[in-house]
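Below is one structure; the comments refer to it alone.
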Amino acid sequence: MIAKNLKSLIFGSLLLIAISVSGQQAGLLQSGPMVGYADMQEVMLWVQTSKSAKVQFAYHEPGKEQNLMLTAEKTTSPEEAFTAKLIADKVEPGKTYIYRLLINGEFIKLPYPTQFETQEIWKWRGDAPDFSFLTGSCAYINQTEHDRPGDPYGGEYQIFENMAGHDTEFMLWLGDNVYLREPDWNTKTGIQNRYTHTRSIAEMQELLGSRSNYAIWDDHDYGPNNSDKGFINKHLTHEAFDLFWANPTTGVHGIEGAITAFQWADLDFFLLDNRWYRDANGLEKEDKTILGQKQLEWLFDNLLASQASFKIIALGGQFLSDVGLYETYSANGFNDERLKIIDFIKKHHLKNVVFITGDVHFSEVSKYAEADCPTIWDLTFSTMSAGPNKRGHEWDNSFRVLGKVYTDRNFGLIKVSGPLSERKLEVYCYDTNDQLQYEVIIEKE
């Protein structure tokens with residue numbers, strides 16, 4: 001009945017005026033809306049309310065308000081942190097849609113445009129479409145009563161507004177998307193409160209609502225600093241991760257964790273979990289693992305099967321760097337597994353493998369290149385709003401590309417362009433004030 005009444009209202013004479021009107025229900029919006037994964041025939045939309053409410057999304061193509069479509073309706077609940085994920089399933093490939101949020105049957109006015117794009121059908125029709133995406137890690141949002149004493153660790157939240165100003169198809173969050181703290185990680189209440197607090201800052205809303213968002217996690221959204229497979233509440237933090245993000249899957253083929261994959265045009269993205277199966281850093285044994293055997297086999301199977309122009313692997317910590325510090329893959333006894341992955345890529349001559357990583361609170365580009373072997377890249381973008389690692393340039397990483405390092409808050413923008421046989425990645429590192437700090441071009445081999 002609500003859907004019919006809304007359509008009658010719009011089909012009458014009010015159209016967009018009705019869409020822009022909001023009243024008492026606007027106060028129920030806690031955070032979002034956010035666009036999640038987007039494919040050719042469905043898109044996931046997310047929202048969080050401040051208390052139990054009925055939520056729904058309306059959407060239409062630009063200039064076609066008379067063809068308004070509606071998602072299902074859901075009542076948010078405290079058990080799910082008042083979040084809701086709803087699917088827009090009346091879409092067509094390769095189109096842009098304007099969407100609007102309804103709370104308790106009333107349209108909510110937002111101070112920024114809300115839209116999503118479906119992916120194009122391109123195979124057997126021509127070259128893959130050009131596209132671009134944002135990426136970054138480490139989003140620390142201050143909360144004085146819960147933070148450590150002293151100068152605030154987080155800051156310069158305008159970085160999220162500047163990111164939203166770039167016209168890109170999606171954002172890839174590289175972990176430490178929230179920072180769980182001592183009051184948080186021991187209870188479901190604390191975990192959900194932290195996610196809610198971070199997700200609710202005003203500066204982040206347009207970035208979430210104006211393009212698709214995909215995410216992995218790292219230690220700070222998984223549990224305490226440097227936490228591993230033994231963390232007692234990892235099922236609670238995984239539940240929160242799943243509630244607040246809208247990835248295509250949560251785990252794959254029965255493999256638990258924050259693992260998923262997606263395709264965008266001619267690129268394959270593999271989103272890995274470096275915490276769920278991770279051995280303790282201090283453990284002394286052979287065959288130490290970060291990814292776990294099942295996840296590693298899943299990755300290898302998919303790399304072999306992939307026909308993508310570039311195979312993108314998103315991982316919380318740096319992969320290529322051989323500096324052996326903190327939680328780089330080469331540290332804490334995990335280097336054998338790192339070399340195992342490199343050897344697999346070399347043995348099977350897997351071209352165009354690119355890692356995109358975070359964690360270390362500075363940005364750099366690493367490149368592994370040997371004669372007669374495919375090149376492996378590692379693009380690190382960290383940190384967005386947590387404290388920067390001002391001495392990151394001093395790290396002795398033998399794979400660093402000369403001059404491609406930046407040690408203040410930053411984010412990445414990657415453009416994918418060119419005909420299928422000559423695809424390339426244009427990689428840009430921007431600072432918090434949207435100033436370009438370095439760029440690099442990766443050409444398809």
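Naming scheme: A, B, ... for chains in displayed order of the structure tokens; residues 1 onward per chain; ligands 1 onward as shown.
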Write out as a Markdown table a residue-level contact list of stretch 226-288 of chain A versus stretch 47-71 of chain A with cut-off 12 Å: for each qualifying residue the closest pair of atoms and the distance in Å to one decimal, counting only C-alpha atoms, rows sorted by chain and residue number upward.
```
| residue | atom | partner | partner_atom | distance |
| --- | --- | --- | --- | --- |
| A:Leu243 | CA | A:Gln48 | CA | 9.7 |
| A:Phe244 | CA | A:Gln48 | CA | 8.5 |
| A:Trp245 | CA | A:Val47 | CA | 10.0 |
| A:Ala246 | CA | A:Val47 | CA | 10.3 |
```
Restrict the selected residues to C-alpha atoms and save them as a short mmCIF file (atom, residue, chain, number, x, y, z; two decimals), in the first residue's frame.
```
data_model
loop_
_atom_site.label_atom_id
_atom_site.label_comp_id
_atom_site.auth_asym_id
_atom_site.auth_seq_id
_atom_site.Cartn_x
_atom_site.Cartn_y
_atom_site.Cartn_z
CA LEU A 243 26.36 -5.73 9.11
CA PHE A 244 28.17 -2.52 8.17
CA TRP A 245 29.57 -3.49 4.79
CA ALA A 246 27.76 -4.76 1.70
#
```
**OP:** Name all residues at most 10 Å from A:Val354 (count only C-alpha atoms; drop same-chain ones fewer than 6 positions away) and give them as a ChimeraX atom specification.
**Re:** /A:269,310-314,366-367,375-379,442
Write the residues you've just listed into a file as an mmCIF file, in the first residue's frame, and include N, CA and C atoms for each of them.
```cif
data_model
loop_
_atom_site.group_PDB
_atom_site.id
_atom_site.type_symbol
_atom_site.label_atom_id
_atom_site.label_comp_id
_atom_site.auth_asym_id
_atom_site.auth_seq_id
_atom_site.Cartn_x
_atom_site.Cartn_y
_atom_site.Cartn_z
ATOM 1 N N PHE A 269 39.050 -8.783 -8.719
ATOM 2 C CA PHE A 269 39.477 -8.322 -7.401
ATOM 3 C C PHE A 269 39.291 -9.455 -6.393
ATOM 4 N N PHE A 310 44.036 -7.371 -15.312
ATOM 5 C CA PHE A 310 44.823 -7.269 -14.090
ATOM 6 C C PHE A 310 44.120 -8.056 -12.998
ATOM 7 N N LYS A 311 44.906 -8.723 -12.188
ATOM 8 C CA LYS A 311 44.390 -9.487 -11.049
ATOM 9 C C LYS A 311 44.763 -8.710 -9.793
ATOM 10 N N ILE A 312 43.781 -8.117 -9.152
ATOM 11 C CA ILE A 312 44.003 -7.241 -8.003
ATOM 12 C C ILE A 312 43.777 -8.027 -6.716
ATOM 13 N N ILE A 313 44.768 -8.040 -5.831
ATOM 14 C CA ILE A 313 44.670 -8.723 -4.551
ATOM 15 C C ILE A 313 44.708 -7.676 -3.448
ATOM 16 N N ALA A 314 43.612 -7.531 -2.720
ATOM 17 C CA ALA A 314 43.532 -6.573 -1.615
ATOM 18 C C ALA A 314 43.875 -7.280 -0.308
ATOM 19 N N SER A 366 55.765 -0.663 -4.575
ATOM 20 C CA SER A 366 56.814 -1.678 -4.626
ATOM 21 C C SER A 366 56.654 -2.492 -5.901
ATOM 22 N N LYS A 367 57.794 -2.953 -6.436
ATOM 23 C CA LYS A 367 57.792 -3.672 -7.711
ATOM 24 C C LYS A 367 58.784 -4.824 -7.656
ATOM 25 N N THR A 375 56.024 -9.361 -13.772
ATOM 26 C CA THR A 375 56.213 -8.339 -12.733
ATOM 27 C C THR A 375 55.080 -8.408 -11.720
ATOM 28 N N ILE A 376 55.420 -8.258 -10.447
ATOM 29 C CA ILE A 376 54.424 -8.182 -9.369
ATOM 30 C C ILE A 376 54.504 -6.790 -8.767
ATOM 31 N N TRP A 377 53.354 -6.185 -8.526
ATOM 32 C CA TRP A 377 53.289 -4.847 -7.958
ATOM 33 C C TRP A 377 52.614 -4.881 -6.584
ATOM 34 N N ASP A 378 52.977 -3.935 -5.736
ATOM 35 C CA ASP A 378 52.297 -3.726 -4.454
ATOM 36 C C ASP A 378 52.098 -2.228 -4.274
ATOM 37 N N LEU A 379 50.837 -1.805 -4.287
ATOM 38 C CA LEU A 379 50.478 -0.398 -4.124
ATOM 39 C C LEU A 379 49.931 -0.200 -2.721
ATOM 40 N N ILE A 442 51.164 1.502 -14.745
ATOM 41 C CA ILE A 442 51.442 0.063 -14.846
ATOM 42 C C ILE A 442 50.795 -0.431 -16.134
#
```
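Residues in contact with A:Ser31 at 12 Å, where only C-alpha atoms are counted and same-chain residues fewer than 5 positions away are skipped, are listed as Ala26, Trp46, Val47, Gln48, Thr49, Ser50, Lys51, Ala81, Phe82, Thr83, Ala84, Leu101, Leu110, Tyr195, Thr196, His197, Thr198, Arg199, Ser200, Ile201, Ala202, Glu203, Met204, Gln205, Glu206, Leu207, Leu208, Gly209 and Phe244 of chain A.
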Expected file contents, prior selection, N, CA and C atoms, as a CSV table (one decimal), in the first residue's frame:
```
chain,number,residue,atom,x,y,z
A,26,ALA,N,13.6,12.3,9.2
A,26,ALA,CA,15.0,12.6,8.9
A,26,ALA,C,15.8,12.4,10.2
A,46,TRP,N,22.6,0.2,1.5
A,46,TRP,CA,22.7,0.0,2.9
A,46,TRP,C,22.3,1.3,3.6
A,47,VAL,N,21.8,1.1,4.9
A,47,VAL,CA,21.5,2.3,5.7
A,47,VAL,C,21.4,1.9,7.1
A,48,GLN,N,21.6,2.9,8.0
A,48,GLN,CA,21.5,2.6,9.5
A,48,GLN,C,20.6,3.7,10.1
A,49,THR,N,19.7,3.3,10.9
A,49,THR,CA,18.8,4.2,11.6
A,49,THR,C,19.2,4.3,13.1
A,50,SER,N,18.7,5.3,13.7
A,50,SER,CA,19.1,5.5,15.2
A,50,SER,C,18.2,4.7,16.1
A,51,LYS,N,17.1,4.2,15.6
A,51,LYS,CA,16.2,3.3,16.4
A,51,LYS,C,15.4,2.5,15.3
A,81,ALA,N,22.2,-3.7,14.9
A,81,ALA,CA,22.7,-2.3,15.0
A,81,ALA,C,21.8,-1.4,14.2
A,82,PHE,N,20.5,-1.7,14.0
A,82,PHE,CA,19.6,-0.8,13.2
A,82,PHE,C,20.1,-0.6,11.8
A,83,THR,N,20.8,-1.6,11.2
A,83,THR,CA,21.3,-1.5,9.9
A,83,THR,C,20.3,-2.3,9.0
A,84,ALA,N,20.4,-2.0,7.7
A,84,ALA,CA,19.6,-2.7,6.7
A,84,ALA,C,20.3,-2.8,5.4
A,101,LEU,N,16.2,7.5,-0.2
A,101,LEU,CA,15.9,6.7,1.0
A,101,LEU,C,14.6,7.1,1.5
A,110,LEU,N,18.8,14.7,1.4
A,110,LEU,CA,20.2,14.6,1.8
A,110,LEU,C,20.9,15.8,1.1
A,195,TYR,N,31.6,0.8,15.4
A,195,TYR,CA,31.3,0.9,14.0
A,195,TYR,C,30.3,2.0,13.7
A,196,THR,N,29.3,2.2,14.6
A,196,THR,CA,28.3,3.3,14.4
A,196,THR,C,29.0,4.6,14.5
A,197,HIS,N,29.9,4.8,15.5
A,197,HIS,CA,30.5,6.1,15.7
A,197,HIS,C,31.3,6.5,14.5
A,198,THR,N,32.1,5.6,14.0
A,198,THR,CA,32.9,5.9,12.8
A,198,THR,C,32.1,6.1,11.6
A,199,ARG,N,31.1,5.3,11.3
A,199,ARG,CA,30.3,5.4,10.1
A,199,ARG,C,29.4,6.7,10.1
A,200,SER,N,29.3,7.3,11.2
A,200,SER,CA,28.3,8.4,11.3
A,200,SER,C,28.9,9.8,11.1
A,201,ILE,N,30.2,9.9,10.9
A,201,ILE,CA,30.8,11.3,10.7
A,201,ILE,C,30.3,11.9,9.4
A,202,ALA,N,30.0,13.1,9.5
A,202,ALA,CA,29.4,13.8,8.3
A,202,ALA,C,30.3,13.8,7.1
A,203,GLU,N,31.6,13.9,7.3
A,203,GLU,CA,32.5,14.0,6.2
A,203,GLU,C,32.5,12.7,5.3
A,204,MET,N,32.1,11.6,5.9
A,204,MET,CA,32.2,10.4,5.1
A,204,MET,C,31.0,10.0,4.3
A,205,GLN,N,29.9,10.7,4.5
A,205,GLN,CA,28.6,10.3,4.0
A,205,GLN,C,28.5,10.3,2.5
A,206,GLU,N,29.0,11.4,1.8
A,206,GLU,CA,28.9,11.5,0.4
A,206,GLU,C,29.7,10.4,-0.3
A,207,LEU,N,30.9,10.1,0.3
A,207,LEU,CA,31.8,9.0,-0.3
A,207,LEU,C,31.0,7.7,-0.3
A,208,LEU,N,30.3,7.4,0.8
A,208,LEU,CA,29.6,6.2,1.0
A,208,LEU,C,28.3,6.1,0.0
A,209,GLY,N,27.7,7.3,-0.2
A,209,GLY,CA,26.4,7.3,-0.8
A,209,GLY,C,26.4,7.5,-2.3
A,244,PHE,N,27.9,-3.9,8.6
A,244,PHE,CA,28.2,-2.5,8.2
A,244,PHE,C,28.8,-2.4,6.8
```
**OP:** Write out as a VMD selection string all residues of stretch 116-281 of chain A that DSSP puts in helix (DSSP H, G or I) for this structure's backbone.
**Re:** chain A and resid 158 to 164 188 to 199 202 to 209 219 to 222 234 to 244
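With distances restricted to only C-alpha atoms, A:Gln115 is the closest residue to A:Leu45 from A:Thr144, A:Gln115, A:Gln318, A:Ser227.
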